[in-house]
file run_24.cif (mmCIF, C-alpha atoms)
data_input
#
loop_
_atom_site.label_atom_id
_atom_site.label_comp_id
_atom_site.auth_asym_id
_atom_site.auth_seq_id
_atom_site.Cartn_x
_atom_site.Cartn_y
_atom_site.Cartn_z
CA MET A 1 0.00 0.00 0.00
CA LYS A 2 2.82 2.40 0.84
CA LYS A 3 4.50 1.66 -2.50
CA PHE A 4 1.23 2.32 -4.33
CA ALA A 5 0.79 5.60 -2.41
CA ARG A 6 4.31 6.72 -3.41
CA ILE A 7 3.64 5.93 -7.07
CA LYS A 8 0.34 7.78 -6.94
CA ARG A 9 2.02 10.79 -5.32
CA LYS A 10 4.72 10.86 -8.03
CA ILE A 11 2.10 10.72 -10.78
CA ASN A 12 0.12 13.56 -9.14
CA ASP A 13 3.29 15.64 -8.80
CA TYR A 14 4.13 15.05 -12.48
CA LEU A 15 0.63 15.99 -13.62
CA TYR A 16 0.71 19.08 -11.39
CA ASP A 17 3.71 20.28 -13.39
CA HIS A 18 2.08 19.39 -16.75
CA ILE A 19 -1.27 21.13 -16.59
CA ASN A 20 -2.29 20.46 -20.23
CA LEU A 21 -1.73 16.73 -19.86
CA ARG A 22 -3.67 16.70 -16.59
CA ASN A 23 -6.60 18.54 -18.18
CA SER A 24 -6.61 16.18 -21.15
CA LEU A 25 -6.61 13.10 -18.92
CA THR A 26 -9.35 14.59 -16.73
CA PHE A 27 -11.55 15.28 -19.76
CA THR A 28 -10.87 11.80 -21.19
CA LYS A 29 -11.91 10.24 -17.90
CA GLY A 30 -15.07 12.37 -17.92
CA ALA A 31 -15.89 11.29 -21.48
CA PHE A 32 -15.45 7.63 -20.50
CA ILE A 33 -17.76 8.07 -17.49
CA ALA A 34 -20.30 9.85 -19.72
CA ALA A 35 -20.29 6.89 -22.13
CA ILE A 36 -20.71 4.31 -19.35
CA THR A 37 -23.55 6.19 -17.66
CA ALA A 38 -25.25 6.79 -21.03
CA LEU A 39 -25.14 3.05 -21.73
CA LEU A 40 -26.58 2.30 -18.29
CA TYR A 41 -29.36 4.88 -18.72
CA ALA A 42 -30.30 3.62 -22.20
CA PHE A 43 -30.36 0.01 -20.98
CA GLY A 44 -32.62 0.95 -18.08
CA PHE A 45 -35.01 2.86 -20.32
CA TYR A 46 -35.14 0.31 -23.13
CA CYS A 47 -35.44 -2.88 -21.11
CA PHE A 48 -37.41 -1.77 -18.08
CA ILE A 49 -39.48 1.29 -19.02
CA SER A 50 -40.29 1.39 -22.73
CA PRO A 51 -41.95 -2.07 -22.92
CA ALA A 52 -44.60 -0.73 -20.56
CA VAL A 53 -45.66 2.09 -22.88
CA VAL A 54 -47.06 -0.21 -25.56
CA ASP A 55 -50.56 -0.35 -24.04
CA HIS A 56 -51.47 2.31 -21.52
CA THR A 57 -55.06 0.97 -21.17
CA SER A 58 -54.06 -2.47 -19.93
CA ILE A 59 -52.85 -3.50 -16.50
CA THR A 60 -50.43 -5.92 -18.14
CA GLY A 61 -48.92 -2.95 -19.92
CA SER A 62 -48.98 -0.51 -17.02
CA ALA A 63 -46.50 2.24 -17.77
CA ILE A 64 -43.58 3.25 -15.63
CA THR A 65 -43.39 6.96 -16.36
CA THR A 66 -39.93 8.28 -15.60
CA GLY A 67 -40.66 11.96 -15.25
CA GLY A 68 -38.13 14.43 -16.57
CA VAL A 69 -37.30 14.67 -20.25
CA GLY A 70 -37.85 10.91 -20.65
CA GLY A 71 -41.31 11.26 -19.09
CA ILE A 72 -42.16 14.23 -21.30
CA SER A 73 -41.08 12.17 -24.31
CA GLN A 74 -43.38 9.36 -23.20
CA VAL A 75 -46.29 11.79 -22.88
CA ILE A 76 -45.66 13.21 -26.36
CA TRP A 77 -45.44 9.71 -27.84
CA MET A 78 -48.73 8.73 -26.16
CA ILE A 79 -50.52 11.83 -27.47
CA THR A 80 -49.11 11.24 -30.96
CA SER A 81 -50.19 7.60 -31.01
CA LEU A 82 -53.70 8.46 -29.76
CA CYS A 83 -54.00 11.08 -32.50
CA GLY A 84 -53.33 8.42 -35.12
CA GLY A 85 -49.56 8.71 -35.34
CA ASN A 86 -47.52 5.56 -35.77
CA ILE A 87 -44.03 6.55 -34.69
CA ASP A 88 -41.74 4.01 -33.06
CA ILE A 89 -41.38 4.75 -29.32
CA TYR A 90 -37.61 4.24 -29.37
CA THR A 91 -37.10 6.55 -32.35
CA MET A 92 -39.23 9.30 -30.82
CA GLN A 93 -37.54 8.86 -27.44
CA SER A 94 -34.11 9.20 -29.02
CA ILE A 95 -35.04 12.34 -30.96
CA LEU A 96 -37.00 14.09 -28.20
CA TYR A 97 -34.53 13.17 -25.47
CA PHE A 98 -31.80 14.99 -27.38
CA ALA A 99 -33.93 17.91 -28.64
CA LEU A 100 -35.55 18.76 -25.30
CA ASN A 101 -32.15 18.78 -23.62
CA ILE A 102 -30.73 21.53 -25.85
CA PRO A 103 -32.24 24.54 -23.97
CA ILE A 104 -31.45 22.88 -20.64
CA LEU A 105 -27.81 22.43 -21.66
CA ILE A 106 -27.57 26.06 -22.77
CA PHE A 107 -28.80 27.04 -19.29
CA SER A 108 -26.25 24.64 -17.77
CA PHE A 109 -23.39 26.11 -19.81
CA PHE A 110 -23.90 29.58 -18.33
CA LYS A 111 -25.14 28.68 -14.83
CA ILE A 112 -23.23 25.53 -13.81
CA GLY A 113 -20.04 24.97 -15.79
CA LYS A 114 -18.60 24.52 -19.29
CA ARG A 115 -16.98 21.11 -18.75
CA PHE A 116 -20.12 19.89 -16.98
CA SER A 117 -22.29 20.98 -19.91
CA ILE A 118 -20.05 19.55 -22.64
CA LEU A 119 -19.84 16.14 -20.97
CA THR A 120 -23.58 16.20 -20.23
CA LEU A 121 -24.21 16.89 -23.93
CA LEU A 122 -22.00 13.91 -24.78
CA ASN A 123 -23.96 11.79 -22.30
CA VAL A 124 -27.31 12.86 -23.77
CA GLY A 125 -26.18 12.22 -27.34
CA LEU A 126 -24.83 8.77 -26.49
CA SER A 127 -28.00 7.89 -24.56
CA SER A 128 -30.10 8.68 -27.63
CA LEU A 129 -27.77 6.60 -29.79
CA PHE A 130 -27.70 3.64 -27.40
CA ILE A 131 -31.52 3.55 -27.13
CA GLN A 132 -31.59 3.07 -30.90
CA LEU A 133 -28.78 0.49 -30.84
CA PHE A 134 -30.54 -1.61 -28.20
CA LYS A 135 -33.24 -2.29 -30.79
CA GLN A 136 -30.66 -4.48 -32.54
CA VAL A 137 -29.51 -6.33 -29.39
CA GLU A 138 -31.24 -9.65 -28.84
CA LEU A 139 -30.38 -9.75 -25.12
CA ALA A 140 -32.20 -6.44 -24.60
CA HIS A 141 -35.32 -7.87 -26.27
CA LEU A 142 -35.16 -10.96 -24.04
CA VAL A 143 -34.87 -8.89 -20.86
CA ALA A 144 -37.70 -6.60 -21.93
CA ALA A 145 -39.96 -9.55 -22.76
CA ALA A 146 -39.16 -11.35 -19.49
CA LEU A 147 -40.18 -8.30 -17.42
CA GLN A 148 -43.23 -7.32 -19.48
CA GLY A 149 -45.77 -8.23 -16.77
CA GLU A 150 -43.50 -8.01 -13.71
CA HIS A 151 -44.40 -4.53 -12.49
CA VAL A 152 -42.45 -4.36 -9.22
CA ALA A 153 -39.37 -6.05 -10.69
CA ARG A 154 -39.42 -3.66 -13.64
CA VAL A 155 -39.77 -0.65 -11.34
CA LEU A 156 -36.85 -1.74 -9.17
CA PHE A 157 -34.52 -2.66 -12.05
CA SER A 158 -35.27 0.52 -13.99
CA ALA A 159 -34.88 2.72 -10.90
CA ILE A 160 -31.60 1.08 -9.87
CA SER A 161 -30.21 1.19 -13.41
CA ILE A 162 -31.10 4.84 -14.06
CA GLY A 163 -30.35 5.84 -10.44
CA LEU A 164 -26.84 4.39 -10.80
CA ALA A 165 -26.37 6.21 -14.11
CA SER A 166 -27.38 9.56 -12.59
CA SER A 167 -25.45 9.16 -9.33
CA ILE A 168 -22.22 7.99 -11.01
CA ALA A 169 -22.49 10.93 -13.40
CA PHE A 170 -23.13 13.38 -10.53
CA ARG A 171 -20.19 12.01 -8.57
CA ASN A 172 -17.92 12.73 -11.54
CA GLU A 173 -19.39 16.23 -12.08
CA ILE A 174 -21.48 15.23 -15.09
CA SER A 175 -25.21 14.61 -15.44
CA CYS A 176 -27.59 12.56 -17.58
CA GLY A 177 -29.30 15.73 -18.77
CA GLY A 178 -32.90 16.89 -18.44
CA ILE A 179 -34.30 17.33 -14.96
CA ASP A 180 -30.99 16.11 -13.52
CA VAL A 181 -29.40 19.39 -14.66
CA ILE A 182 -32.11 21.55 -13.08
CA SER A 183 -32.10 19.62 -9.79
CA TYR A 184 -28.28 19.68 -9.71
CA TYR A 185 -28.36 23.47 -10.15
CA PHE A 186 -30.75 23.93 -7.21
CA ALA A 187 -28.75 21.45 -5.11
CA LEU A 188 -25.58 23.48 -5.72
CA ARG A 189 -27.35 26.74 -4.90
CA LYS A 190 -28.83 25.32 -1.69
CA SER A 191 -25.80 23.12 -0.93
CA THR A 192 -27.97 20.08 -0.25
CA SER A 193 -28.82 16.68 -1.78
CA VAL A 194 -29.83 16.30 -5.42
CA GLY A 195 -32.40 13.54 -5.07
CA LYS A 196 -35.15 15.52 -3.36
CA TYR A 197 -35.16 18.26 -6.01
CA ALA A 198 -35.32 15.71 -8.84
CA THR A 199 -38.18 13.92 -7.06
CA LEU A 200 -40.12 17.15 -6.56
CA LEU A 201 -39.82 18.23 -10.21
CA ASN A 202 -40.58 14.74 -11.53
CA SER A 203 -43.60 14.40 -9.24
CA LEU A 204 -45.15 17.43 -10.92
CA ILE A 205 -44.62 15.78 -14.30
CA LEU A 206 -46.17 12.50 -13.09
CA VAL A 207 -49.29 14.18 -11.75
CA THR A 208 -49.67 16.05 -15.04
CA TYR A 209 -49.25 12.75 -16.90
CA TYR A 210 -51.93 11.11 -14.73
CA PHE A 211 -54.57 13.78 -15.38
CA LEU A 212 -53.63 13.90 -19.06
CA THR A 213 -54.22 10.14 -19.27
CA LEU A 214 -57.66 10.55 -17.72
CA ALA A 215 -58.51 13.41 -20.08
CA ILE A 216 -57.42 11.50 -23.19
CA ASN A 217 -59.39 8.41 -22.15
CA LYS A 218 -62.42 10.51 -21.09
CA GLY A 219 -62.31 9.21 -17.54
CA ASN A 220 -61.95 5.54 -18.49
CA TYR A 221 -59.20 3.26 -17.15
CA ARG A 222 -58.94 5.30 -13.96
CA GLU A 223 -57.79 2.27 -11.98
CA VAL A 224 -55.07 1.50 -14.52
CA ALA A 225 -53.95 5.14 -14.65
CA PHE A 226 -53.77 5.31 -10.85
CA LEU A 227 -51.80 2.04 -10.76
CA ASN A 228 -49.39 3.51 -13.30
CA LEU A 229 -49.01 6.59 -11.11
CA LEU A 230 -48.20 4.49 -8.02
CA PHE A 231 -45.57 2.47 -9.88
CA SER A 232 -44.06 5.66 -11.26
CA PHE A 233 -43.82 7.24 -7.78
CA LEU A 234 -42.18 4.05 -6.48
CA TYR A 235 -39.68 4.36 -9.35
CA LEU A 236 -38.87 7.98 -8.41
CA PHE A 237 -38.49 7.09 -4.73
CA VAL A 238 -35.97 4.32 -5.46
CA VAL A 239 -34.04 6.59 -7.86
CA MET A 240 -33.86 9.29 -5.15
CA ILE A 241 -32.47 6.78 -2.62
CA VAL A 242 -29.83 5.49 -5.05
CA VAL A 243 -28.73 8.99 -6.13
CA ASP A 244 -28.47 10.41 -2.60
CA PHE A 245 -26.68 7.30 -1.34
CA ILE A 246 -23.91 7.41 -3.96
CA ASN A 247 -23.63 11.12 -4.72
CA ILE A 248 -22.01 12.58 -1.57
CA ARG A 249 -20.75 15.88 -2.99
CA ASN A 250 -23.13 18.07 -0.96
CA LYS A 251 -23.28 15.88 2.14
CA LYS A 252 -21.57 17.42 5.15
CA VAL A 253 -20.24 16.00 8.40
CA GLN A 254 -18.91 17.51 11.60
CA ILE A 255 -15.59 16.23 12.85
CA GLN A 256 -14.68 16.58 16.51
CA ILE A 257 -11.01 16.10 17.37
CA ILE A 258 -9.68 15.80 20.92
CA THR A 259 -5.91 16.16 20.87
CA ALA A 260 -2.90 17.17 22.90
CA PHE A 261 -1.45 18.96 19.86
CA SER A 262 -2.61 22.54 20.46
CA ASP A 263 -1.75 23.92 17.00
CA ILE A 264 -3.55 21.25 14.95
CA SER A 265 -6.16 23.79 13.87
CA SER A 266 -3.55 25.72 11.83
CA VAL A 267 -2.49 22.54 10.05
CA LEU A 268 -6.08 21.70 9.13
CA ILE A 269 -6.81 25.19 7.81
CA ALA A 270 -3.62 25.05 5.71
CA ASN A 271 -4.74 21.78 4.06
CA PHE A 272 -8.51 22.24 3.69
CA PRO A 273 -10.71 25.14 2.51
CA HIS A 274 -12.63 25.15 5.81
CA SER A 275 -12.13 26.89 9.11
CA THR A 276 -12.24 25.36 12.59
CA THR A 277 -13.44 26.16 16.09
CA THR A 278 -11.24 25.25 19.06
CA VAL A 279 -12.07 24.81 22.72
CA ASN A 280 -9.56 24.39 25.55
CA ALA A 281 -10.33 21.33 27.67
CA LYS A 282 -8.86 19.03 30.33
CA GLY A 283 -8.80 15.25 30.27
CA GLY A 284 -11.25 13.74 32.76
CA TYR A 285 -8.91 10.87 33.68
CA SER A 286 -5.44 12.17 32.81
CA LYS A 287 -6.15 15.78 33.87
CA ALA A 288 -3.86 16.75 30.97
CA ASP A 289 -4.55 19.86 28.88
CA LYS A 290 -6.42 19.05 25.67
CA THR A 291 -7.73 20.94 22.65
CA ILE A 292 -11.11 20.14 21.11
CA VAL A 293 -11.34 21.06 17.42
CA TYR A 294 -14.66 21.27 15.57
CA MET A 295 -14.62 21.23 11.78
CA VAL A 296 -17.37 20.81 9.15
CA VAL A 297 -16.25 19.15 5.90
CA SER A 298 -17.75 17.42 2.88
CA SER A 299 -18.22 13.66 3.20
CA ASN A 300 -15.54 12.96 0.61
CA GLU A 301 -12.98 14.89 2.70
CA VAL A 302 -13.37 12.87 5.91
CA LYS A 303 -10.71 10.25 5.18
CA ARG A 304 -8.13 12.91 4.33
CA VAL A 305 -8.86 14.85 7.53
CA VAL A 306 -8.65 11.75 9.73
CA SER A 307 -5.46 10.57 8.01
CA LEU A 308 -3.78 13.96 8.52
CA VAL A 309 -4.81 14.22 12.17
CA ARG A 310 -3.62 10.68 12.95
CA LYS A 311 -0.23 11.47 11.41
CA ILE A 312 0.15 14.52 13.65
CA ASP A 313 -1.26 12.94 16.80
CA PRO A 314 -1.68 9.13 16.74
CA HIS A 315 -3.35 9.31 20.18
CA SER A 316 -6.03 11.79 19.14
CA PHE A 317 -9.71 10.92 19.61
CA ILE A 318 -11.93 11.66 16.59
CA THR A 319 -15.70 11.49 16.15
CA VAL A 320 -17.62 12.03 12.90
CA THR A 321 -21.28 13.13 12.89
CA SER A 322 -23.51 13.40 9.81
CA LEU A 323 -25.29 16.73 9.34
CA VAL A 324 -28.65 17.43 7.75
CA GLN A 325 -27.63 20.94 6.67
CA ALA A 326 -25.05 23.61 7.45
CA TYR A 327 -25.91 27.32 7.31
CA GLY A 328 -23.27 29.97 6.77
CA ASN A 329 -20.21 30.21 4.56
CA PHE A 330 -19.28 26.64 3.65
CA PHE A 331 -16.90 26.20 0.73
CA ILE A 332 -17.66 23.60 -1.94
CA LYS A 333 -15.38 23.32 -4.96
CA PRO A 334 -17.21 24.89 -7.94
CA ILE A 335 -18.14 22.84 -10.99
CA GLU A 336 -15.91 23.42 -14.01
#
call {"tool": "encode", "arguments": {"input": "run_24.cif", "output": "structure tokens"}}
result
Amino acid sequence: MKKFARIKRKINDYLYDHINLRNSLTFTKGAFIAAITALLYAFGFYCFISPAVVDHTSITGSAITTGGVGGISQVIWMITSLCGGNIDIYTMQSILYFALNIPILIFSFFKIGKRFSILTLLNVGLSSLFIQLFKQVELAHLVAAALQGEHVARVLFSAISIGLASSIAFRNEISCGGIDVISYYFALRKSTSVGKYATLLNSLILVTYYFLTLAINKGNYREVAFLNLLFSFLYLFVVMIVVDFINIRNKKVQIQIITAFSDISSVLIANFPHSTTTVNAKGGYSKADKTIVYMVVSSNEVKRVVSLVRKIDPHSFITVTSLVQAYGNFFIKPIE
């Protein structure tokens, strides 16, 4: 492990001195992540969601409506088909998924970050392409057919698949486009979790979809429409859990350090973009002078803080407490 750490440190030092190479490698990694998450999203949509759209008036074909741009695409396809149109669901999904994302990505470019927007555009484009390509994959057809009447299984698999795609993208400062971009923007502004904003926005789309279904069918199939709505809300709930579990960018924790090293606060401030609060204390058993340091950090910084403190004072006592929210000036690295 120590040898691996030394090699990693040498590579980081080399890349620090070669900024263009570091930026190129960072972008290449982002493009690779965008491709993987696009494949995962397209697989989830094709195999677990689209088969349900074939017959929205049958319980055996109860639709999992995704919300977001995918949900809007499903609504448009349903209206088109009811008006006599005969457009393939996968073709329309591919076209609309890309087209509806354009204004959202323009907003993202100016309000979130350029790299974030470019890689999100790549993700959206590849998702549209992969949805079309899955039409030619026999395994995808087999999975879709096997889950045609399995409502709960289809909800869980689709939510996990698309939740993983979104959360992996978020963790690497990308998104899968659509509502993900809007919810990510609000999460950054409020410095809180992404999942709840995505769920709120998508819930509005689902309710609209439900009443639209009733209007189109003139009040018929109410039970089926309500069942569809329940399955769709279950889908959103599972996606929210998966996204907030994996994406820890905006999650904060409070670290309490009890140490005999009185100047540890200066070391922490020099290594992290966060301040500290110190309290003079005395050991209850040893009666020795102690310093208690309080520090709020992002979840992904905890290991680095603990490792640094243990190097300075191996006998320090450290506790870590999860926080719901932190108010005040808390620094989070901006999105590029």
call {"tool": "resolve_selection", "arguments": {"input": "run_24.cif", "expression": "the PyMOL selection byres ((chain A and resi 293-301) around 9)", "output": "NGL selection string"}}
result
:A and (248-259 or 264-265 or 268 or 272-280 or 291-292 or 302-306 or 322-323 or 326 or 330-332)
call {"tool": "closest_residue", "arguments": {"input": "run_24.cif", "among": "A:Lys287, A:Thr91, A:Gly177, A:Tyr46", "to": "Val137 in chain A", "atoms": "all atoms listed in the file"}}
result
A:Tyr46
call {"tool": "closest_residue", "arguments": {"input": "run_24.cif", "among": "A:Leu201, A:Ile241, A:Ile79, A:Ala38", "to": "Val124 in chain A", "atoms": "only C-alpha atoms"}}
result
A:Ala38
call {"tool": "resolve_selection", "arguments": {"input": "run_24.cif", "expression": "the PyMOL selection byres ((chain A and resi 112) around 9)", "output": "ChimeraX atom specification"}}
result
/A:107-111,113-114,116-117,181,184-185,188,334-336
call {"tool": "atom_distance", "arguments": {"input": "run_24.cif", "atom1": "CA of Thr37 in chain A", "atom2": "CA of Ala165 in chain A"}}
result
4.5 Å
call {"tool": "residues_near_point", "arguments": {"input": "run_24.cif", "point": "(-33.4, 11.9, -6.0)", "cutoff": "10 Å", "atoms": "all atoms listed in the file", "output": "list in words"}}
result
Gly163, Ser166, Ser167, Asp180, Ser183, Ser193, Val194, Gly195, Lys196, Tyr197, Ala198, Thr199, Leu200, Leu201, Asn202, Leu236, Phe237, Val238, Val239, Met240, Ile241, Val242, Val243, Asp244, Phe245 and Asn247 of chain A
call {"tool": "resolve_selection", "arguments": {"input": "run_24.cif", "expression": "the PyMOL selection byres ((chain A and resi 172) around 10)", "output": "number ranges by chain"}}
result
A: 29-30, 33-34, 116, 167-171, 173-175, 247, 249
call {"tool": "write_last_selection", "arguments": {"input": "run_24.cif", "atoms": "C-alpha atoms", "output": "PDB file, keeping the file's coordinate frame"}}
result
ATOM      1  CA  LYS A  29     -11.910  10.240 -17.900  1.00  0.00           C
ATOM      2  CA  GLY A  30     -15.070  12.370 -17.920  1.00  0.00           C
ATOM      3  CA  ILE A  33     -17.760   8.070 -17.490  1.00  0.00           C
ATOM      4  CA  ALA A  34     -20.300   9.850 -19.720  1.00  0.00           C
ATOM      5  CA  PHE A 116     -20.120  19.890 -16.980  1.00  0.00           C
ATOM      6  CA  SER A 167     -25.450   9.160  -9.330  1.00  0.00           C
ATOM      7  CA  ILE A 168     -22.220   7.990 -11.010  1.00  0.00           C
ATOM      8  CA  ALA A 169     -22.490  10.930 -13.400  1.00  0.00           C
ATOM      9  CA  PHE A 170     -23.130  13.380 -10.530  1.00  0.00           C
ATOM     10  CA  ARG A 171     -20.190  12.010  -8.570  1.00  0.00           C
ATOM     11  CA  GLU A 173     -19.390  16.230 -12.080  1.00  0.00           C
ATOM     12  CA  ILE A 174     -21.480  15.230 -15.090  1.00  0.00           C
ATOM     13  CA  SER A 175     -25.210  14.610 -15.440  1.00  0.00           C
ATOM     14  CA  ASN A 247     -23.630  11.120  -4.720  1.00  0.00           C
ATOM     15  CA  ARG A 249     -20.750  15.880  -2.990  1.00  0.00           C
TER      16      ARG A 249
END
call {"tool": "atom_distance", "arguments": {"input": "run_24.cif", "atom1": "CA of Asp263 in chain A", "atom2": "CA of Lys10 in chain A"}}
result
29.0 Å
call {"tool": "residues_near_point", "arguments": {"input": "run_24.cif", "point": "(-31.7, 1.4, -11.5)", "cutoff": "9 Å", "atoms": "all atoms listed in the file", "output": "JSON, numbers by chain"}}
result
{"A": [40, 41, 44, 155, 156, 157, 158, 159, 160, 161, 162, 163, 164, 165, 235, 238, 239, 242]}
call {"tool": "closest_residue", "arguments": {"input": "run_24.cif", "among": "A:Leu21, A:Leu206, A:Leu100, A:Ala225", "to": "Ser128 in chain A", "atoms": "all atoms listed in the file"}}
result
A:Leu100
call {"tool": "atom_distance", "arguments": {"input": "run_24.cif", "atom1": "CA of Tyr209 in chain A", "atom2": "CA of Gly71 in chain A"}}
result
8.4 Å
